[in-house]
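K.L.:
Okay, so here is protein_32.cif, and as you'll see once you scroll down, it has mmCIF, C-alpha atoms.
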```
data_entry
#
loop_
_atom_site.label_atom_id
_atom_site.label_comp_id
_atom_site.auth_asym_id
_atom_site.auth_seq_id
_atom_site.Cartn_x
_atom_site.Cartn_y
_atom_site.Cartn_z
CA MET A 1 172.47 41.78 149.96
CA GLU A 2 171.04 45.29 150.55
CA ASN A 3 168.64 45.75 153.44
CA PRO A 4 165.04 45.82 152.20
CA THR A 5 162.89 48.96 152.72
CA ILE A 6 160.64 48.32 155.67
CA ALA A 7 159.37 51.80 156.69
CA TYR A 8 158.94 55.44 155.75
CA CYS A 9 160.52 58.24 157.75
CA THR A 10 157.93 61.03 157.87
CA THR A 11 160.45 63.40 159.38
CA CYS A 12 162.87 63.06 156.43
CA GLU A 13 160.13 62.08 153.96
CA THR A 14 162.12 59.08 152.67
CA PRO A 15 161.88 55.28 152.67
CA ILE A 16 164.29 53.57 155.13
CA CYS A 17 165.60 50.05 155.80
CA ARG A 18 165.75 48.23 159.10
CA THR A 19 169.34 49.29 159.74
CA CYS A 20 168.54 52.99 159.12
CA ALA A 21 165.43 52.77 161.24
CA ALA A 22 167.56 51.55 164.14
CA GLY A 23 170.37 53.94 163.37
CA LYS A 24 170.20 57.60 162.33
CA HIS A 25 166.39 57.59 161.96
CA ARG A 26 165.65 55.94 165.29
CA ASP A 27 164.36 59.16 166.93
CA HIS A 28 162.22 60.12 163.89
CA ALA A 29 158.56 59.47 163.25
CA HIS A 30 158.00 56.35 161.12
CA LYS A 31 155.18 54.92 159.03
CA THR A 32 154.83 51.69 157.22
CA ILE A 33 155.22 51.82 153.48
CA GLN A 34 151.52 51.07 153.12
CA GLN A 35 150.52 53.94 155.43
CA ALA A 36 152.81 56.37 153.59
CA ALA A 37 151.41 55.26 150.21
CA GLU A 38 147.82 55.70 151.43
CA ALA A 39 148.60 59.18 152.80
CA ASP A 40 150.16 60.28 149.49
CA GLN A 41 147.23 58.79 147.63
CA ASN A 42 144.81 60.84 149.77
CA VAL A 43 146.80 64.01 149.04
CA LEU A 44 146.72 63.26 145.33
CA LYS A 45 142.98 62.69 145.44
CA PHE A 46 142.50 66.03 147.20
CA LEU A 47 144.66 67.86 144.65
CA LYS A 48 142.78 66.16 141.85
CA ARG A 49 139.47 67.41 143.24
CA GLU A 50 140.90 70.91 143.55
CA LEU A 51 142.09 70.83 139.94
CA GLU A 52 138.76 69.53 138.71
CA GLN A 53 136.91 72.32 140.57
CA ALA A 54 139.32 74.92 139.17
CA GLN A 55 138.81 73.48 135.69
CA GLN A 56 135.02 73.76 136.11
CA LYS A 57 135.37 77.39 137.21
CA VAL A 58 137.53 78.15 134.15
CA LEU A 59 134.99 76.51 131.86
CA ALA A 60 132.14 78.44 133.52
CA ARG A 61 134.10 81.70 133.21
CA GLN A 62 134.80 80.96 129.55
CA ASP A 63 131.09 80.41 129.03
CA ASP A 64 130.24 83.69 130.80
CA LEU A 65 132.80 85.63 128.77
CA SER A 66 131.50 84.08 125.57
CA LYS A 67 127.96 85.12 126.48
CA THR A 68 129.18 88.62 127.42
CA CYS A 69 130.92 88.93 124.05
CA ASP A 70 127.74 87.86 122.30
CA THR A 71 125.72 90.40 124.32
CA MET A 72 128.21 93.19 123.59
CA GLU A 73 128.08 92.36 119.91
CA THR A 74 124.30 92.58 120.00
CA ILE A 75 124.52 95.93 121.81
CA ARG A 76 127.10 97.19 119.32
CA VAL A 77 124.91 96.31 116.37
CA ASP A 78 121.90 97.91 118.07
CA LEU A 79 123.81 101.09 118.93
CA GLU A 80 125.24 101.35 115.43
CA SER A 81 121.72 101.06 114.10
CA LYS A 82 120.46 103.74 116.49
CA ILE A 83 123.38 106.03 115.66
CA GLU A 84 122.71 105.55 111.96
CA ARG A 85 119.02 106.33 112.41
CA HIS A 86 119.75 109.35 114.63
CA THR A 87 122.38 110.64 112.22
CA GLN A 88 119.94 110.31 109.35
CA TYR A 89 117.30 112.10 111.43
CA ILE A 90 119.72 114.96 112.18
CA ILE A 91 120.76 115.23 108.52
CA GLU A 92 117.13 115.31 107.40
CA ASN A 93 116.29 117.97 109.97
CA VAL A 94 119.35 120.03 109.06
CA PHE A 95 118.29 120.03 105.41
CA LYS A 96 114.71 120.77 106.45
CA LYS A 97 115.88 123.66 108.61
CA GLN A 98 118.11 124.86 105.80
CA GLU A 99 115.14 124.95 103.43
CA GLU A 100 113.03 126.75 106.02
CA LEU A 101 115.74 129.37 106.54
CA LYS A 102 116.15 129.79 102.78
CA ASN A 103 112.40 130.24 102.37
CA ASP A 104 112.29 132.71 105.28
CA LEU A 105 115.21 134.64 103.80
CA LYS A 106 113.54 134.65 100.39
CA THR A 107 110.30 135.93 101.93
CA GLN A 108 112.14 138.66 103.84
CA ILE A 109 114.10 139.74 100.77
CA THR A 110 110.94 139.76 98.64
CA GLU A 111 109.10 141.86 101.21
CA ARG A 112 112.09 144.16 101.44
CA GLN A 113 112.29 144.51 97.66
CA GLN A 114 108.58 145.31 97.51
CA ALA A 115 108.96 147.93 100.22
CA ILE A 116 111.91 149.52 98.40
CA LYS A 117 109.97 149.44 95.13
CA SER A 118 107.05 151.17 96.81
CA GLN A 119 109.39 153.82 98.24
CA LEU A 120 110.94 154.33 94.80
CA GLU A 121 107.49 154.91 93.31
CA ILE A 122 106.79 157.46 96.04
CA LEU A 123 110.11 159.18 95.31
CA GLU A 124 109.32 159.30 91.61
CA ASP A 125 105.96 160.93 92.34
CA ASP A 126 107.63 163.38 94.70
CA GLY A 127 110.29 164.13 92.10
CA ARG A 128 107.67 165.04 89.55
CA SER A 129 105.87 167.19 92.14
CA LEU A 130 109.13 168.91 93.07
CA THR A 131 109.90 169.61 89.41
CA SER A 132 106.47 171.19 89.06
CA ALA A 133 107.10 173.30 92.18
CA VAL A 134 110.48 174.49 90.83
CA ARG A 135 108.94 175.48 87.50
CA LEU A 136 106.18 177.36 89.29
CA THR A 137 108.77 179.20 91.37
CA GLU A 138 110.82 180.11 88.29
CA GLY A 139 107.70 181.37 86.50
CA SER A 140 106.79 183.72 89.34
CA ASN A 141 110.31 185.19 89.85
CA GLY A 142 110.74 183.46 93.18
CA GLN A 143 107.31 184.51 94.57
CA VAL A 144 105.20 181.49 95.33
CA PRO A 145 101.55 182.38 95.88
CA VAL A 146 99.89 180.03 98.30
CA ASP A 147 96.29 179.68 97.17
CA ASP A 148 94.02 176.98 95.90
CA THR A 149 95.86 176.77 92.58
CA THR A 150 99.24 176.04 94.17
CA LYS A 151 98.10 173.59 96.84
CA GLY A 152 97.85 169.88 96.21
CA SER A 153 99.61 168.49 93.16
CA SER A 154 102.31 171.20 92.95
CA GLY A 155 103.84 174.11 94.82
CA VAL A 156 104.78 174.53 98.47
CA GLU A 157 102.73 171.63 99.86
CA ASP A 158 104.39 169.23 97.42
CA SER A 159 107.79 170.47 98.57
CA VAL A 160 106.84 169.90 102.20
CA LYS A 161 105.61 166.39 101.32
CA VAL A 162 108.94 165.58 99.67
CA GLN A 163 110.85 166.69 102.78
CA GLN A 164 108.61 164.61 105.02
CA ARG A 165 108.96 161.51 102.85
CA SER A 166 112.73 161.93 102.70
CA HIS A 167 112.72 161.91 106.48
CA ASP A 168 110.52 158.81 106.47
CA LEU A 169 112.98 157.02 104.20
CA LYS A 170 115.71 157.55 106.77
CA GLU A 171 113.54 155.73 109.28
CA MET A 172 113.40 152.61 107.07
CA ASP A 173 115.13 149.42 108.30
CA GLY A 174 118.78 149.46 107.33
CA PHE A 175 119.46 153.21 107.20
CA LYS A 176 122.95 153.96 108.50
CA ASP A 177 124.14 157.35 109.75
CA ASP A 178 127.69 158.69 109.92
CA ASP A 179 128.30 157.14 113.37
CA GLY A 180 127.62 153.59 112.17
CA VAL A 181 124.21 153.41 113.81
CA PHE A 182 121.57 151.47 111.90
CA SER A 183 117.89 152.33 112.18
CA VAL A 184 115.48 149.44 112.58
CA GLY A 185 111.73 149.36 112.81
CA GLY A 186 111.67 149.46 116.62
CA GLY A 187 114.86 151.47 117.28
CA THR A 188 118.55 151.65 116.40
CA VAL A 189 121.43 149.19 116.25
CA ARG A 190 125.06 150.07 116.95
CA ILE A 191 127.83 147.59 116.07
CA LEU A 192 130.58 147.31 118.67
CA GLY A 193 133.98 145.83 117.90
CA LYS A 194 135.34 143.61 115.19
CA SER A 195 137.43 140.48 114.92
CA GLY A 196 140.79 140.97 116.61
CA LYS A 197 142.85 140.97 119.81
CA GLY A 198 143.06 144.70 120.49
CA LYS A 199 141.01 146.57 123.05
CA GLY A 200 137.39 146.78 121.95
CA GLU A 201 137.94 143.88 119.52
CA PHE A 202 136.65 140.37 120.04
CA THR A 203 137.33 136.74 119.28
CA PHE A 204 134.18 134.74 120.00
CA PRO A 205 132.43 137.10 122.46
CA ASN A 206 130.07 135.16 124.68
CA GLY A 207 128.28 136.09 127.93
CA LEU A 208 127.35 139.68 128.78
CA ALA A 209 126.52 141.68 131.90
CA VAL A 210 126.05 145.26 133.09
CA ASN A 211 128.12 146.39 136.09
CA PRO A 212 127.06 148.89 138.81
CA SER A 213 128.68 151.70 136.81
CA ASP A 214 126.26 150.92 133.96
CA GLU A 215 129.15 149.67 131.81
CA LEU A 216 128.92 146.72 129.44
CA VAL A 217 130.88 143.59 130.46
CA VAL A 218 131.81 141.11 127.70
CA ALA A 219 133.27 137.60 128.14
CA ASP A 220 135.78 137.72 125.26
CA MET A 221 136.26 133.94 125.34
CA ASP A 222 138.91 133.11 122.75
CA ASN A 223 140.94 136.19 123.67
CA HIS A 224 141.05 134.76 127.23
CA ARG A 225 139.78 137.92 128.89
CA VAL A 226 136.76 139.91 130.03
CA GLN A 227 136.39 143.42 128.62
CA ILE A 228 134.57 146.30 130.31
CA LEU A 229 133.26 148.82 127.78
CA ASN A 230 131.09 151.88 127.58
CA TRP A 231 127.99 151.58 125.40
CA ASP A 232 129.84 153.13 122.45
CA GLY A 233 132.33 150.25 122.48
CA LYS A 234 135.32 152.00 124.08
CA CYS A 235 137.25 149.60 126.30
CA ARG A 236 137.63 150.86 129.87
CA LYS A 237 139.26 147.83 131.54
CA VAL A 238 140.41 144.27 130.84
CA LEU A 239 140.19 141.37 133.30
CA SER A 240 142.60 138.51 132.59
CA PHE A 241 144.55 135.82 134.49
CA SER A 242 147.66 133.80 133.66
CA THR A 243 148.15 131.66 136.79
CA PHE A 244 145.69 128.85 136.04
CA SER A 245 146.69 125.42 134.74
CA ARG A 246 144.96 126.13 131.43
CA PRO A 247 144.38 129.43 129.62
CA PHE A 248 141.52 131.42 131.15
CA GLU A 249 138.39 130.85 129.02
CA PRO A 250 135.46 133.00 130.23
CA SER A 251 132.02 131.92 129.09
CA ASN A 252 129.66 133.97 131.26
CA VAL A 253 129.81 136.70 133.85
CA ALA A 254 127.71 138.22 136.63
CA VAL A 255 128.51 141.34 138.64
CA SER A 256 127.41 142.06 142.20
CA THR A 257 126.15 145.44 143.39
CA GLU A 258 129.55 145.83 145.10
CA GLY A 259 131.35 145.47 141.78
CA ILE A 260 132.64 141.92 142.33
CA TYR A 261 132.85 139.81 139.16
CA PHE A 262 131.84 136.12 139.07
CA ILE A 263 133.12 134.53 135.84
CA THR A 264 132.58 130.98 134.55
CA ASP A 265 135.94 129.62 133.34
CA ILE A 266 135.07 126.57 131.22
CA ALA A 267 138.66 125.55 130.45
CA ASN A 268 139.54 125.18 134.14
CA GLY A 269 136.10 124.06 135.35
CA GLN A 270 135.78 126.86 137.90
CA ILE A 271 134.18 130.12 138.94
CA VAL A 272 136.68 132.99 139.04
CA VAL A 273 135.93 135.78 141.53
CA CYS A 274 137.74 139.10 141.13
CA ASP A 275 137.30 142.83 141.51
CA GLY A 276 137.13 145.39 138.72
CA ASP A 277 140.92 145.79 138.67
CA SER A 278 141.53 142.10 137.91
CA HIS A 279 142.62 141.27 141.48
CA LEU A 280 141.85 137.57 141.94
CA LEU A 281 139.82 136.99 145.14
CA THR A 282 139.07 133.26 144.92
CA THR A 283 138.08 130.39 142.64
CA PHE A 284 135.66 127.55 143.34
CA GLY A 285 133.83 124.63 141.75
CA HIS A 286 136.76 122.21 141.55
CA GLU A 287 135.44 119.81 144.19
CA GLU A 288 132.22 119.39 142.20
CA SER A 289 134.17 118.78 138.94
CA LEU A 290 132.17 121.70 137.62
CA LYS A 291 131.45 122.17 133.92
CA PRO A 292 130.04 125.70 134.23
CA ASP A 293 128.09 127.78 131.73
CA GLY A 294 125.64 130.36 133.06
CA VAL A 295 126.04 132.30 136.30
CA ALA A 296 123.69 134.63 138.20
CA LEU A 297 123.50 136.29 141.63
CA THR A 298 120.37 136.13 143.78
CA LYS A 299 119.04 139.06 145.81
CA ASP A 300 119.82 137.21 149.04
CA GLY A 301 123.51 136.82 148.23
CA PHE A 302 123.99 133.41 146.59
CA VAL A 303 125.73 132.39 143.36
CA ILE A 304 123.76 130.14 140.98
CA VAL A 305 125.74 128.24 138.32
CA SER A 306 124.45 126.00 135.53
CA ASP A 307 126.47 122.75 135.42
CA LEU A 308 126.67 120.81 132.15
CA GLN A 309 128.50 117.75 133.49
CA LYS A 310 127.50 114.55 131.72
CA ALA A 311 124.34 113.16 133.33
CA ALA A 312 124.19 116.16 135.69
CA HIS A 313 122.52 119.03 133.82
CA CYS A 314 121.64 120.88 137.00
CA LEU A 315 122.03 124.17 138.84
CA ARG A 316 124.45 124.53 141.74
CA LYS A 317 124.05 127.01 144.57
CA TYR A 318 127.12 128.53 146.26
CA THR A 319 127.84 131.20 148.81
CA VAL A 320 129.80 134.16 147.46
CA ASP A 321 132.97 132.74 149.04
CA GLY A 322 132.52 129.44 147.15
CA ARG A 323 130.90 127.07 149.66
CA HIS A 324 128.69 124.56 147.86
CA VAL A 325 125.17 124.74 149.32
CA ALA A 326 122.73 122.80 147.13
CA VAL A 327 121.96 121.16 143.78
CA TYR A 328 118.78 122.10 141.91
CA GLY A 329 117.27 119.77 139.33
CA ARG A 330 118.68 116.92 137.29
CA TYR A 331 118.78 115.68 133.70
CA GLY A 332 115.28 115.21 132.26
CA THR A 333 112.25 116.85 130.65
CA GLY A 334 109.91 117.22 133.63
CA PRO A 335 109.29 120.35 135.72
CA GLY A 336 112.51 121.35 137.45
CA GLU A 337 114.56 119.01 135.23
CA PHE A 338 116.97 120.24 132.57
CA ASN A 339 118.58 119.33 129.27
CA CYS A 340 121.52 121.69 128.65
CA PRO A 341 120.70 124.53 131.05
CA SER A 342 122.76 127.52 129.98
CA SER A 343 122.12 131.21 130.62
CA LEU A 344 120.58 132.37 133.92
CA ALA A 345 118.87 135.53 135.14
CA VAL A 346 117.28 136.68 138.40
CA ASN A 347 114.22 138.97 138.37
CA SER A 348 113.07 141.53 140.95
CA GLN A 349 111.06 138.83 142.77
CA ASN A 350 114.32 136.91 143.33
CA GLN A 351 113.16 134.12 141.02
CA ILE A 352 115.75 132.24 138.95
CA LEU A 353 115.10 132.10 135.19
CA VAL A 354 116.86 129.22 133.42
CA SER A 355 117.37 128.89 129.69
CA ASP A 356 116.63 125.15 129.34
CA GLY A 357 118.22 124.78 125.89
CA ASP A 358 117.38 121.35 124.54
CA ASN A 359 113.97 121.35 126.23
CA ASN A 360 113.12 124.54 124.26
CA ARG A 361 111.77 126.44 127.24
CA ILE A 362 112.48 128.92 130.00
CA GLN A 363 111.98 127.56 133.51
CA VAL A 364 111.33 129.72 136.57
CA LEU A 365 112.46 128.51 140.03
CA ASP A 366 112.39 130.09 143.47
CA THR A 367 115.65 130.56 145.36
CA GLU A 368 115.22 127.16 147.04
CA GLY A 369 115.16 125.49 143.63
CA CYS A 370 111.42 124.73 143.63
CA TYR A 371 109.69 124.78 140.25
CA VAL A 372 107.39 127.80 139.70
CA SER A 373 106.53 127.83 135.98
CA SER A 374 107.87 127.52 132.44
CA PHE A 375 107.16 129.26 129.13
CA GLY A 376 108.32 129.71 125.56
CA GLY A 377 107.70 126.23 124.18
CA ASP A 378 105.61 127.47 121.25
CA GLN A 379 108.08 130.14 120.10
CA LEU A 380 111.51 129.02 121.29
CA SER A 381 114.00 126.84 119.44
CA GLY A 382 117.14 126.11 121.46
CA PRO A 383 117.07 129.16 123.77
CA GLY A 384 120.42 130.53 124.89
CA GLY A 385 121.10 133.96 126.39
CA ILE A 386 118.50 135.41 128.75
CA ASP A 387 118.07 138.60 130.79
CA VAL A 388 115.35 140.76 132.36
CA ASP A 389 114.71 144.51 132.20
CA PHE A 390 113.59 147.01 134.84
CA ASP A 391 109.95 145.84 134.44
CA ASP A 392 110.89 142.12 134.66
CA ASN A 393 110.21 141.62 130.95
CA VAL A 394 112.29 138.70 129.71
CA TYR A 395 114.55 138.75 126.63
CA VAL A 396 115.69 135.43 125.14
CA CYS A 397 118.12 134.56 122.32
CA ASP A 398 117.25 131.44 120.35
CA ASP A 399 118.73 129.31 117.57
CA ALA A 400 116.29 130.69 115.00
CA ALA A 401 118.41 133.88 114.91
CA LYS A 402 115.91 135.82 117.01
CA VAL A 403 115.67 137.73 120.26
CA LEU A 404 112.20 137.31 121.76
CA LYS A 405 110.47 139.36 124.44
CA TYR A 406 108.08 138.00 127.11
CA ASP A 407 106.31 139.73 129.97
CA LYS A 408 106.99 138.76 133.59
CA GLN A 409 104.23 136.11 133.48
CA GLY A 410 105.88 134.45 130.47
CA LYS A 411 103.41 135.77 127.87
CA PHE A 412 105.01 136.27 124.44
CA LEU A 413 105.04 139.94 123.47
CA GLU A 414 107.14 140.34 120.32
CA THR A 415 110.23 139.45 118.32
CA VAL A 416 112.63 142.26 119.16
CA VAL A 417 115.44 141.25 116.77
CA GLN A 418 115.29 138.96 113.74
CA GLU A 419 118.64 138.21 112.09
CA ALA A 420 119.08 136.78 108.62
CA ASP A 421 121.54 134.04 109.51
CA ILE A 422 123.71 134.96 112.51
CA VAL A 423 122.53 133.32 115.74
CA PRO A 424 122.64 135.70 118.74
CA PHE A 425 124.47 134.07 121.65
CA TYR A 426 123.77 136.10 124.78
CA VAL A 427 121.79 139.20 125.73
CA SER A 428 122.11 141.71 128.55
CA VAL A 429 119.72 144.58 129.28
CA LYS A 430 120.69 148.03 130.49
CA LYS A 431 118.79 148.65 133.72
CA SER A 432 117.69 152.20 132.84
CA LYS A 433 115.34 153.56 130.19
CA PRO A 434 115.20 153.64 127.22
CA THR A 435 115.44 149.87 126.84
CA CYS A 436 118.88 149.04 125.53
CA LEU A 437 119.99 145.47 124.71
CA ALA A 438 123.53 144.20 124.19
CA ILE A 439 123.61 141.06 122.03
CA SER A 440 126.77 139.01 121.45
CA GLU A 441 127.33 137.38 118.06
CA GLY A 442 130.23 135.05 118.73
CA CYS A 443 130.49 133.74 115.18
CA ASN A 444 130.62 137.31 113.85
CA ASN A 445 133.01 138.61 116.55
CA ILE A 446 130.84 141.62 117.35
CA VAL A 447 128.40 142.89 119.96
CA LYS A 448 125.25 144.66 118.83
CA VAL A 449 123.63 147.35 120.97
CA VAL A 450 119.94 147.66 120.19
CA THR A 451 118.12 150.72 121.58
CA LEU A 452 114.33 150.31 121.45
CA ARG A 453 112.08 153.34 120.93
CA ARG A 454 108.97 151.78 122.39
#
```
Have the structure of the file written as structure tokens, please.
P.N.:
Amino acid sequence: MENPTIAYCTTCETPICRTCAAGKHRDHAHKTIQQAAEADQNVLKFLKRELEQAQQKVLARQDDLSKTCDTMETIRVDLESKIERHTQYIIENVFKKQEELKNDLKTQITERQQAIKSQLEILEDDGRSLTSAVRLTEGSNGQVPVDDTTKGSSGVEDSVKVQQRSHDLKEMDGFKDDDGVFSVGGGTVRILGKSGKGKGEFTFPNGLAVNPSDELVVADMDNHRVQILNWDGKCRKVLSFSTFSRPFEPSNVAVSTEGIYFITDIANGQIVVCDGDSHLLTTFGHEESLKPDGVALTKDGFVIVSDLQKAAHCLRKYTVDGRHVAVYGRYGTGPGEFNCPSSLAVNSQNQILVSDGDNNRIQVLDTEGCYVSSFGGDQLSGPGGIDVDFDDNVYVCDDAAKVLKYDKQGKFLETVVQEADIVPFYVSVKKSKPTCLAISEGCNNIVKVVTLRR
């Protein structure tokens, strides 16, 4: 008969009989079968409680995830509805704007046609007067007596009137001379460049500046270069770089009085600093994950950059060697807040002028970033390029295909340029008289130089 189990060896974790307990297990720790069973039962109870608690946590997590899914679905439906409404709003406004532009164009063309018709009537009258003068001259064998009978409706005075009116016709908007210069009501317009990759040609020209040599500087964005031109469009120099991780894509440019160029490179998220011979001096902005657009230099030697990072929409202040100093403003609509700040300018009072695009205004800050004033809300629609002249008058490009002029207090003075359909991107003002504006038309791949008579 086998020996019955009488104990449990806790050392070997096995039941043992009397013989084993006295033999090879005699130096081990023993329990009775009942004690061993109770100990295992306690362990099982503990594990059961642990499993039950884990099960409750899983059920609670399932409930939370289910609620989260329901919430996300509600948010999705709400966002889809908002997107649909906003899209519809944009479409309606696009069509509304389209109709407004069509009506404006129709009005301009009608006025133009009426002006031309009036000039034609004047020419017809002058033609008849000139014919009468010729006949009078032929009848007197080339001797034209100047007395009361020849003055007025015929004779020499009529001939003089015809010459004067012919001169006046040349002053009409749209007259083009042999050098490709168009006369406009307030001055002349010269077209620089055309679409292309050669020197003096452009592919999406963007920001503009004037260097200390009074040359025009153009950020030729999609040609991956900056061109330096004279005011007749002849290319003097080209600034370009091929060592960056992405192709150089200049958006805006500012030039110091020492001839150092500060260029916003939107493809690489940086400011490129170089001299006029394309020698790279430094780059900065990477640590701030910069999404640069406008750039300007203050009178006290700082670089101001507009940053269009998502949820940032601010200005950043740097030293000329690229040390980040301060952040001005944030996303919003209040004073000193911005929604798509783009072009920048600095006036003679060392104030920073900011084209606050989607807030439809120009904001003025001091060099510490404190709000001073704003203007343009009544006239501006999506302002872009901005610059100041020698009298601190402000010139602003806006989405309504206009360039507007304000005085240094922000009072609207006049519409300097009104295009039919091409939106002017950026403007730069020659710092000597007469007032001369360079205006980039990126979509047309040209730069217009407007010289104002007044």
K.L.:
One number please: CA of Lys411 in chain A to CA of Thr107 in chain A, in Å, one decimal.
P.N.:
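That distance, rounded to one decimal, is 26.8 Å.
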K.L.:
Evaluate the PyMOL selection byres ((chain A and resi 231-239) around 10) against this structure - the residues, as a count of residues only, please.
P.N.:
38
K.L.:
Using only C-alpha atoms, which of A:Glu419, A:Ile386, A:Val320, A:Glu288 sits nearest Phe262 in chain A?
P.N.:
A:Val320
K.L.:
Going by the chain IDs and residue numbers used in this file, which residues fall under the PyMOL selection byres ((chain A and resi 28) around 9)? Write them as a list in words.
P.N.:
Cys9, Thr10, Thr11, Cys12, Ala21, Lys24, His25, Arg26, Asp27, Ala29 and His30 of chain A
K.L.:
Report, in Å with one decimal, the straight-line distance from CA of Leu365 in chain A to CA of Asp378 in chain A.
P.N.:
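Separation of CA of Leu365 in chain A and CA of Asp378 in chain A: 20.0 Å.
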K.L.:
The PyMOL selection byres ((chain A and resi 283) around 9) on the file shown: which residues, as a short mmCIF file (atom, residue, chain, number, x, y, z; two decimals) with C-alpha atoms, in the coordinates of the input?
P.N.:
```cif
data_model
loop_
_atom_site.label_atom_id
_atom_site.label_comp_id
_atom_site.auth_asym_id
_atom_site.auth_seq_id
_atom_site.Cartn_x
_atom_site.Cartn_y
_atom_site.Cartn_z
CA GLN A 270 135.78 126.86 137.90
CA ILE A 271 134.18 130.12 138.94
CA VAL A 272 136.68 132.99 139.04
CA VAL A 273 135.93 135.78 141.53
CA CYS A 274 137.74 139.10 141.13
CA LEU A 280 141.85 137.57 141.94
CA LEU A 281 139.82 136.99 145.14
CA THR A 282 139.07 133.26 144.92
CA PHE A 284 135.66 127.55 143.34
CA GLY A 285 133.83 124.63 141.75
CA HIS A 286 136.76 122.21 141.55
CA ASP A 321 132.97 132.74 149.04
CA GLY A 322 132.52 129.44 147.15
#
```
K.L.:
What does the distance from CA of Ala267 in chain A to CA of Ala209 in chain A come to in Å, to one decimal?
P.N.:
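We find that CA of Ala267 in chain A and CA of Ala209 in chain A lie 20.2 Å from each other.
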K.L.:
Hey, what's within 9 Å of range 346-363 of chain A if we count all atoms listed in the file and toss same-chain stuff fewer than 6 positions away? As a VMD selection string, please?
P.N.:
chain A and resid 294 296 to 300 304 306 332 to 333 335 to 340 369 371 to 394 396 398 408 410
K.L.:
Step by step, gather every atom of range 43-58 of chain A that the file lists, find the box along x, y and z that holds them, add 4 Å on each side, and finally give centre and edge lengths in Å to one decimal, as JSON.
P.N.:
```
{"center_x": 140.9, "center_y": 70.4, "center_z": 141.6, "size_x": 19.8, "size_y": 23.5, "size_z": 22.9}
```
K.L.:
Tell me which protein, DNA and RNA residues are within 8 Å of Phe204 in chain A, counting all atoms listed in the file, leaving out same-chain ones fewer than 5 positions away, and put them as a PyMOL selection string.
P.N.:
chain A and resi 220-223+441-445
